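Student: Contents of upload-v8.txt (compact mmCIF, C-alpha atoms) are below:
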```txt
# COMPACT_ATOMS: atom_id res chain seq x y z
CA ASP A 1 190.89 -92.11 139.11
CA GLN A 2 193.83 -90.93 137.03
CA GLN A 3 192.95 -90.70 133.36
CA VAL A 4 196.57 -90.20 132.28
CA LYS A 5 199.13 -92.72 133.46
CA GLN A 6 202.88 -92.83 133.26
CA ASN A 7 203.74 -96.26 134.57
CA SER A 8 207.51 -95.86 134.58
CA PRO A 9 208.60 -93.60 137.45
CA SER A 10 212.17 -93.42 136.20
CA LEU A 11 214.36 -93.99 133.16
CA SER A 12 218.14 -94.05 132.89
CA VAL A 13 219.79 -93.65 129.49
CA GLN A 14 223.30 -93.15 128.20
CA GLU A 15 224.21 -89.85 126.61
CA GLY A 16 223.73 -89.99 122.84
CA ARG A 17 221.20 -92.84 122.96
CA ILE A 18 217.43 -92.65 122.55
CA SER A 19 215.09 -91.95 125.48
CA ILE A 20 211.56 -93.33 125.11
CA LEU A 21 208.91 -92.16 127.57
CA ASN A 22 205.50 -93.77 127.59
CA CYS A 23 202.05 -92.55 128.56
CA ASP A 24 198.66 -94.29 128.58
CA TYR A 25 195.24 -92.70 128.86
CA THR A 26 191.71 -93.92 129.50
CA ASN A 27 189.51 -91.08 128.23
CA SER A 28 188.81 -91.50 124.51
CA MET A 29 187.52 -87.90 124.37
CA PHE A 30 190.98 -86.40 124.85
CA ASP A 31 191.74 -84.38 121.72
CA TYR A 32 195.14 -82.87 122.52
CA PHE A 33 198.19 -84.34 124.20
CA LEU A 34 201.19 -82.45 125.55
CA TRP A 35 204.56 -83.18 127.09
CA TYR A 36 206.16 -80.99 129.73
CA LYS A 37 209.66 -81.03 131.18
CA LYS A 38 210.41 -80.00 134.74
CA TYR A 39 213.68 -79.23 136.49
CA PRO A 40 213.87 -79.18 140.31
CA ALA A 41 212.60 -75.96 141.92
CA GLU A 42 211.20 -74.73 138.60
CA GLY A 43 207.80 -74.81 136.96
CA PRO A 44 207.06 -77.23 134.12
CA THR A 45 207.97 -76.02 130.65
CA PHE A 46 206.06 -76.96 127.53
CA LEU A 47 207.92 -79.32 125.21
CA ILE A 48 205.73 -80.60 122.40
CA SER A 49 202.09 -81.39 121.63
CA ILE A 50 200.06 -83.53 119.27
CA SER A 51 196.47 -83.40 118.10
CA SER A 52 194.36 -86.55 118.29
CA ILE A 53 193.92 -86.42 114.50
CA LYS A 54 197.66 -86.97 113.98
CA ASP A 55 199.92 -89.87 114.82
CA LYS A 56 203.29 -88.11 114.90
CA ASN A 57 204.73 -84.70 115.61
CA GLU A 58 208.39 -83.77 115.49
CA ASP A 59 210.35 -80.83 116.87
CA GLY A 60 214.10 -81.10 116.68
CA ARG A 61 215.30 -83.94 118.91
CA PHE A 62 211.78 -84.55 120.23
CA THR A 63 209.14 -86.69 118.53
CA VAL A 64 205.77 -87.63 119.95
CA PHE A 65 203.86 -90.64 118.63
CA LEU A 66 200.16 -91.23 119.22
CA ASN A 67 198.39 -94.58 118.94
CA LYS A 68 194.70 -93.84 119.44
CA SER A 69 193.52 -97.41 119.18
CA ALA A 70 195.83 -98.38 122.04
CA LYS A 71 195.27 -95.09 123.92
CA HIS A 72 199.02 -94.73 124.12
CA LEU A 73 201.53 -92.04 123.34
CA SER A 74 205.28 -91.89 123.59
CA LEU A 75 207.98 -89.23 123.54
CA HIS A 76 211.27 -90.00 121.84
CA ILE A 77 214.36 -87.92 122.56
CA VAL A 78 217.22 -88.49 120.13
CA PRO A 79 220.04 -88.09 120.94
CA SER A 80 219.74 -87.77 124.70
CA GLN A 81 221.84 -85.05 126.28
CA PRO A 82 222.81 -84.35 129.92
CA GLY A 83 220.49 -81.31 129.94
CA ASP A 84 217.58 -83.65 129.26
CA SER A 85 217.82 -85.00 132.81
CA ALA A 86 214.51 -83.86 134.30
CA VAL A 87 211.00 -85.02 135.15
CA TYR A 88 208.73 -85.40 132.12
CA PHE A 89 204.97 -85.09 132.42
CA CYS A 90 202.43 -86.28 129.91
CA ALA A 91 199.18 -84.25 129.82
CA ALA A 92 195.89 -84.43 127.93
CA SER A 93 193.00 -82.10 127.25
CA VAL A 94 189.36 -82.72 126.33
CA ASP A 95 188.09 -79.14 126.15
CA ASP A 96 191.10 -77.12 125.01
CA TYR A 97 191.84 -75.44 128.35
CA LYS A 98 191.89 -78.04 131.15
CA LEU A 99 194.83 -80.41 131.39
CA SER A 100 195.02 -83.79 133.10
CA PHE A 101 198.57 -84.80 134.00
CA GLY A 102 200.32 -88.08 134.54
CA ALA A 103 202.52 -88.71 137.58
CA GLY A 104 205.75 -88.04 135.70
CA THR A 105 208.86 -89.95 134.67
CA THR A 106 212.29 -88.95 135.95
CA VAL A 107 214.90 -89.20 133.21
CA THR A 108 218.58 -89.46 134.06
CA VAL A 109 221.08 -89.13 131.22
CA ARG A 110 224.41 -90.79 132.07
CA ALA A 111 227.67 -89.52 130.63
CA ASN B 1 210.84 -60.80 131.53
CA ALA B 2 207.30 -61.69 130.54
CA GLY B 3 205.82 -64.67 132.26
CA VAL B 4 203.92 -65.96 135.27
CA THR B 5 204.99 -64.65 138.68
CA GLN B 6 204.10 -66.48 141.87
CA THR B 7 204.62 -65.20 145.39
CA PRO B 8 205.70 -66.26 147.92
CA LYS B 9 208.16 -68.99 146.89
CA PHE B 10 208.04 -70.65 150.31
CA GLN B 11 205.53 -70.51 153.13
CA VAL B 12 204.97 -72.32 156.42
CA LEU B 13 201.49 -72.14 157.93
CA LYS B 14 199.96 -73.45 161.09
CA THR B 15 196.87 -75.60 160.86
CA GLY B 16 193.79 -73.39 160.68
CA GLN B 17 195.55 -70.31 159.34
CA SER B 18 194.47 -68.74 156.08
CA MET B 19 196.58 -67.24 153.35
CA THR B 20 196.58 -66.16 149.73
CA LEU B 21 198.99 -67.38 147.09
CA GLN B 22 199.52 -64.69 144.50
CA CYS B 23 199.76 -65.23 140.76
CA ALA B 24 200.21 -62.59 138.07
CA GLN B 25 200.87 -62.83 134.35
CA ASP B 26 201.78 -60.05 131.94
CA MET B 27 201.07 -61.83 128.66
CA ASN B 28 197.36 -60.88 128.45
CA HIS B 29 196.42 -64.56 128.58
CA GLU B 30 192.75 -65.44 128.94
CA TYR B 31 193.16 -68.84 130.57
CA MET B 32 194.68 -69.33 134.02
CA SER B 33 194.88 -72.38 136.28
CA TRP B 34 196.12 -73.48 139.66
CA TYR B 35 197.70 -76.91 140.13
CA ARG B 36 199.17 -78.72 143.08
CA GLN B 37 202.00 -81.21 142.73
CA ASP B 38 202.32 -84.09 145.16
CA PRO B 39 204.79 -87.00 145.01
CA GLY B 40 203.57 -89.82 142.78
CA MET B 41 200.47 -87.92 141.70
CA GLY B 42 201.63 -85.48 139.07
CA LEU B 43 199.87 -82.13 138.86
CA ARG B 44 196.22 -81.92 139.84
CA LEU B 45 193.95 -79.07 138.80
CA ILE B 46 192.50 -77.05 141.70
CA HIS B 47 190.65 -74.18 139.99
CA TYR B 48 190.75 -72.54 136.61
CA SER B 49 189.54 -69.40 134.85
CA VAL B 50 188.67 -68.81 131.19
CA GLY B 51 188.63 -65.03 131.55
CA ALA B 52 188.17 -62.16 133.98
CA GLY B 53 185.14 -62.75 136.18
CA ILE B 54 184.85 -66.44 135.26
CA THR B 55 186.19 -69.24 137.45
CA ASP B 56 185.37 -72.91 137.92
CA GLN B 57 186.43 -75.90 139.96
CA GLY B 58 188.98 -78.42 138.88
CA GLU B 59 189.76 -81.88 140.21
CA VAL B 60 190.65 -81.00 143.83
CA PRO B 61 188.92 -77.69 144.76
CA ASN B 62 187.99 -78.38 148.41
CA GLY B 63 189.60 -75.97 150.86
CA TYR B 64 190.52 -73.43 148.17
CA ASN B 65 188.88 -70.32 146.73
CA VAL B 66 189.80 -68.23 143.70
CA SER B 67 188.72 -65.02 142.05
CA ARG B 68 189.63 -63.35 138.76
CA SER B 69 188.86 -59.65 138.91
CA THR B 70 191.46 -58.75 136.27
CA THR B 71 193.03 -60.57 133.34
CA GLU B 72 196.46 -60.38 135.00
CA ASP B 73 195.79 -61.73 138.51
CA PHE B 74 194.50 -65.06 139.75
CA PRO B 75 195.01 -65.45 143.53
CA LEU B 76 194.43 -68.74 145.34
CA ARG B 77 193.07 -68.56 148.88
CA LEU B 78 193.45 -71.26 151.50
CA LEU B 79 190.54 -70.79 153.87
CA SER B 80 191.71 -72.87 156.84
CA ALA B 81 195.01 -74.61 156.18
CA ALA B 82 195.30 -78.35 156.83
CA PRO B 83 198.38 -80.62 156.75
CA SER B 84 196.89 -82.31 153.65
CA GLN B 85 197.41 -79.03 151.81
CA THR B 86 201.18 -79.32 152.17
CA SER B 87 202.26 -79.30 148.53
CA VAL B 88 203.92 -77.37 145.75
CA TYR B 89 201.47 -75.04 144.02
CA PHE B 90 201.82 -73.93 140.43
CA CYS B 91 199.95 -71.21 138.63
CA ALA B 92 199.77 -71.31 134.84
CA SER B 93 198.41 -69.18 132.02
CA MET B 94 197.61 -69.76 128.37
CA GLY B 95 196.73 -67.41 125.53
CA GLY B 96 195.49 -70.29 123.41
CA PRO B 97 195.42 -72.52 121.50
CA ILE B 98 196.08 -75.58 123.66
CA SER B 99 198.67 -76.81 121.16
CA TYR B 100 201.07 -74.20 122.58
CA GLY B 101 200.43 -75.30 126.14
CA TYR B 102 200.29 -73.41 129.39
CA THR B 103 203.14 -71.26 130.74
CA PHE B 104 203.84 -72.12 134.37
CA GLY B 105 205.16 -70.07 137.23
CA SER B 106 208.06 -71.30 139.35
CA GLY B 107 205.83 -72.51 142.15
CA THR B 108 205.08 -71.94 145.84
CA ARG B 109 206.21 -74.59 148.29
CA LEU B 110 203.70 -74.64 151.15
CA THR B 111 204.10 -76.54 154.40
CA VAL B 112 201.23 -76.76 156.88
CA VAL B 113 202.24 -77.86 160.38
```
As structure tokens, how would this structure be written, given the file I've shared?

Tutor:
Amino acid sequence: DQQVKQNSPSLSVQEGRISILNCDYTNSMFDYFLWYKKYPAEGPTFLISISSIKDKNEDGRFTVFLNKSAKHLSLHIVPSQPGDSAVYFCAASVDDYKLSFGAGTTVTVRA
Amino acid sequence: NAGVTQTPKFQVLKTGQSMTLQCAQDMNHEYMSWYRQDPGMGLRLIHYSVGAGITDQGEVPNGYNVSRSTTEDFPLRLLSAAPSQTSVYFCASMGGPISYGYTFGSGTRLTVV
């Protein structure tokens, strides 16, 4: 049973607007959450992470929000750019070296 | 360039054949993992290693073996290939801490016919 779920398989957004990607999890023992970005025919690349003791982490255009009571996190990309078109994976860790991944959300940024 | 190198990039196997997917990293990372990516299922952990000589099973280990004789190399062996093992395989390494995430290789696309 998947412990990390990304219920939206795809998202289309206009260039310059905000992209919001959502992720839900079931294991309350997860203590670190990460987002990865993946282009076709390439490996995933690390984007941003957040500890379970925080509720927000920001890095440039990317912000991750964590709501522990709802077991929900989201990734905001502002402003969205054409190069942001990719598959985004949410991942979580309970022991600092094993990651559980969601199924991914494909983001398409329209000009 | 430093990173995680996977070979081969593409492979076609017949059912029952065996093969080894190679993975090497030159960043002196302690942690290494193998994942498979299937449509609609994200990445699933096959095996992982927390250091040379130490390996353990992940979420979907059946049909695969690993060893870690050196810090740099973490090969994945398919013992007797099955069509269900058709997938894209990714190797990843991490020097710690988890907040910096794993570095992934570019993947091996395997088809078993």

Student: In terms of the shortest atom-to-atom distance over all atoms listed in the file, which of B:Ser69, B:Gly63, B:Pro75, B:Gly95 is closest to B:Gln17?

Tutor: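 The answer is B:Gly63, which sits nearest to B:Gln17.
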
Student: Please compute the atom CA of A:Arg17-atom CA of A:Phe101 distance, one decimal, in Å.

Tutor: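 These atoms are spaced 26.4 Å apart.
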
Student: Report, in Å with one decimal, the straight-line distance from atom CA of B:Pro61 to atom CA of B:Thr20.

Tutor: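 Atom-to-atom, atom CA of B:Pro61 and atom CA of B:Thr20 are spaced 14.7 Å apart.
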
Student: Give the answer as one residue: which of A:Asn57, A:Ser80, A:Ser93, A:Thr45 has the shortest atom-to-atom distance to B:Tyr102, using all atoms listed in the file?

Tutor: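 Going through A:Asn57, A:Ser80, A:Ser93, A:Thr45 one by one, the smallest distance to B:Tyr102 is for A:Thr45.
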
Student: Atom CA of B:Ser106 and atom CA of B:Phe74, how far apart in Å?

Tutor: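 About the pair atom CA of B:Phe74 and atom CA of B:Ser106: they are 14.9 Å apart.
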
Student: Do you know which residues are at most 12 Å from B:Thr15 counting all atoms listed in the file, after dropping those on the same chain fewer than 2 positions away, and could you put them as number ranges by chain?

Tutor: B: 12-13, 17-19, 78-86, 110-113

Student: Return the padded bounding box of stretch 95-109 of chain B as lines of an AutoDock Vina configuration file: axis-aligned, built from all atoms listed in the file, 8 Å added on each side, with centre and edge lengths in Å to one decimal.

Tutor:
```
center_x = 201.7
center_y = -72.1
center_z = 134.7
size_x = 28.6
size_y = 25.4
size_z = 43.1
```

Student: List as a Markdown table every residue of chain A that is in contact with chain B, defined as an atom at most 8 Å from one of its atoms (using only C-alpha atoms), together with the nearest atom pair and the distance in Å rounded to one decimal, sorted by chain and then rising number.

Tutor:
```
| residue | atom | partner | partner_atom | distance |
| --- | --- | --- | --- | --- |
| A:Tyr32 | CA | B:Ser99 | CA | 7.1 |
| A:Leu34 | CA | B:Gly101 | CA | 7.2 |
| A:Ala41 | CA | B:Ser106 | CA | 7.0 |
| A:Glu42 | CA | B:Ser106 | CA | 4.7 |
| A:Gly43 | CA | B:Ser106 | CA | 4.3 |
| A:Pro44 | CA | B:Phe104 | CA | 6.0 |
| A:Thr45 | CA | B:Thr103 | CA | 6.8 |
| A:Phe46 | CA | B:Gly101 | CA | 6.0 |
| A:Ile48 | CA | B:Tyr100 | CA | 7.9 |
| A:Ser49 | CA | B:Ser99 | CA | 5.7 |
| A:Ile50 | CA | B:Ser99 | CA | 7.1 |
| A:Ser51 | CA | B:Ser99 | CA | 7.6 |
| A:Phe89 | CA | B:Gly42 | CA | 7.5 |
| A:Asp96 | CA | B:Ile98 | CA | 5.4 |
| A:Tyr97 | CA | B:Ile98 | CA | 6.3 |
| A:Lys98 | CA | B:Tyr48 | CA | 7.8 |
| A:Leu99 | CA | B:Leu45 | CA | 7.6 |
| A:Ser100 | CA | B:Arg44 | CA | 7.1 |
| A:Phe101 | CA | B:Leu43 | CA | 5.7 |
| A:Gly102 | CA | B:Gly42 | CA | 5.4 |
| A:Ala103 | CA | B:Gly42 | CA | 3.7 |
| A:Gly104 | CA | B:Gly42 | CA | 5.9 |
```

Student: Please provide the set of residues having any atom within 12 Å of A:Thr106, restricted to only C-alpha atoms, with same-chain residues fewer than 3 positions apart removed, written as an mmCIF file with C-alpha atoms, keeping the file's coordinate frame.

Tutor:
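To be explicit, this is the file written out as out.cif:
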```cif
data_model
loop_
_atom_site.group_PDB
_atom_site.id
_atom_site.type_symbol
_atom_site.label_atom_id
_atom_site.label_comp_id
_atom_site.auth_asym_id
_atom_site.auth_seq_id
_atom_site.Cartn_x
_atom_site.Cartn_y
_atom_site.Cartn_z
ATOM 1 C CA GLN A 6 202.880 -92.830 133.260
ATOM 2 C CA ASN A 7 203.740 -96.260 134.570
ATOM 3 C CA SER A 8 207.510 -95.860 134.580
ATOM 4 C CA PRO A 9 208.600 -93.600 137.450
ATOM 5 C CA SER A 10 212.170 -93.420 136.200
ATOM 6 C CA LEU A 11 214.360 -93.990 133.160
ATOM 7 C CA SER A 12 218.140 -94.050 132.890
ATOM 8 C CA VAL A 13 219.790 -93.650 129.490
ATOM 9 C CA SER A 19 215.090 -91.950 125.480
ATOM 10 C CA ILE A 20 211.560 -93.330 125.110
ATOM 11 C CA LEU A 21 208.910 -92.160 127.570
ATOM 12 C CA ASN A 22 205.500 -93.770 127.590
ATOM 13 C CA TYR A 36 206.160 -80.990 129.730
ATOM 14 C CA LYS A 37 209.660 -81.030 131.180
ATOM 15 C CA LYS A 38 210.410 -80.000 134.740
ATOM 16 C CA TYR A 39 213.680 -79.230 136.490
ATOM 17 C CA PRO A 40 213.870 -79.180 140.310
ATOM 18 C CA ASP A 84 217.580 -83.650 129.260
ATOM 19 C CA SER A 85 217.820 -85.000 132.810
ATOM 20 C CA ALA A 86 214.510 -83.860 134.300
ATOM 21 C CA VAL A 87 211.000 -85.020 135.150
ATOM 22 C CA TYR A 88 208.730 -85.400 132.120
ATOM 23 C CA PHE A 89 204.970 -85.090 132.420
ATOM 24 C CA CYS A 90 202.430 -86.280 129.910
ATOM 25 C CA ALA A 103 202.520 -88.710 137.580
ATOM 26 C CA VAL A 109 221.080 -89.130 131.220
ATOM 27 C CA PRO B 39 204.790 -87.000 145.010
ATOM 28 C CA GLY B 40 203.570 -89.820 142.780
ATOM 29 C CA GLY B 42 201.630 -85.480 139.070
#
```

Student: Restricting the calculation to all atoms listed in the file: of A:Met29, A:Val107, A:Val94, A:Ile18, which residue gets closest to A:Arg61?

Tutor: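 Ranking A:Met29, A:Val107, A:Val94, A:Ile18 by distance to A:Arg61, first place goes to A:Ile18.
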
Student: Could you tell me, as a PDB file with C-alpha atoms, in the frame of the given file, which residues have any atom at most 7 Å from (226.5, -87.9, 130.0), counting all atoms listed in the file?

Tutor:
```pdb
ATOM      1  CA  GLN A  14     223.300 -93.150 128.200  1.00  0.00           C
ATOM      2  CA  GLU A  15     224.210 -89.850 126.610  1.00  0.00           C
ATOM      3  CA  GLN A  81     221.840 -85.050 126.280  1.00  0.00           C
ATOM      4  CA  PRO A  82     222.810 -84.350 129.920  1.00  0.00           C
ATOM      5  CA  VAL A 109     221.080 -89.130 131.220  1.00  0.00           C
ATOM      6  CA  ARG A 110     224.410 -90.790 132.070  1.00  0.00           C
ATOM      7  CA  ALA A 111     227.670 -89.520 130.630  1.00  0.00           C
TER       8      ALA A 111
END
```

Student: Using all atoms listed in the file, can you tell me which of A:Leu47, A:Cys23, A:Leu73, A:Val4 comes closest to A:Asp59?

Tutor: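 Ranking A:Leu47, A:Cys23, A:Leu73, A:Val4 by distance to A:Asp59, first place goes to A:Leu47.
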
Student: Using all atoms listed in the file, which of the listed residues (A:Tyr25, A:Trp35, A:Asp95, A:Phe30) sits closest to A:Ile53?

Tutor: A:Phe30
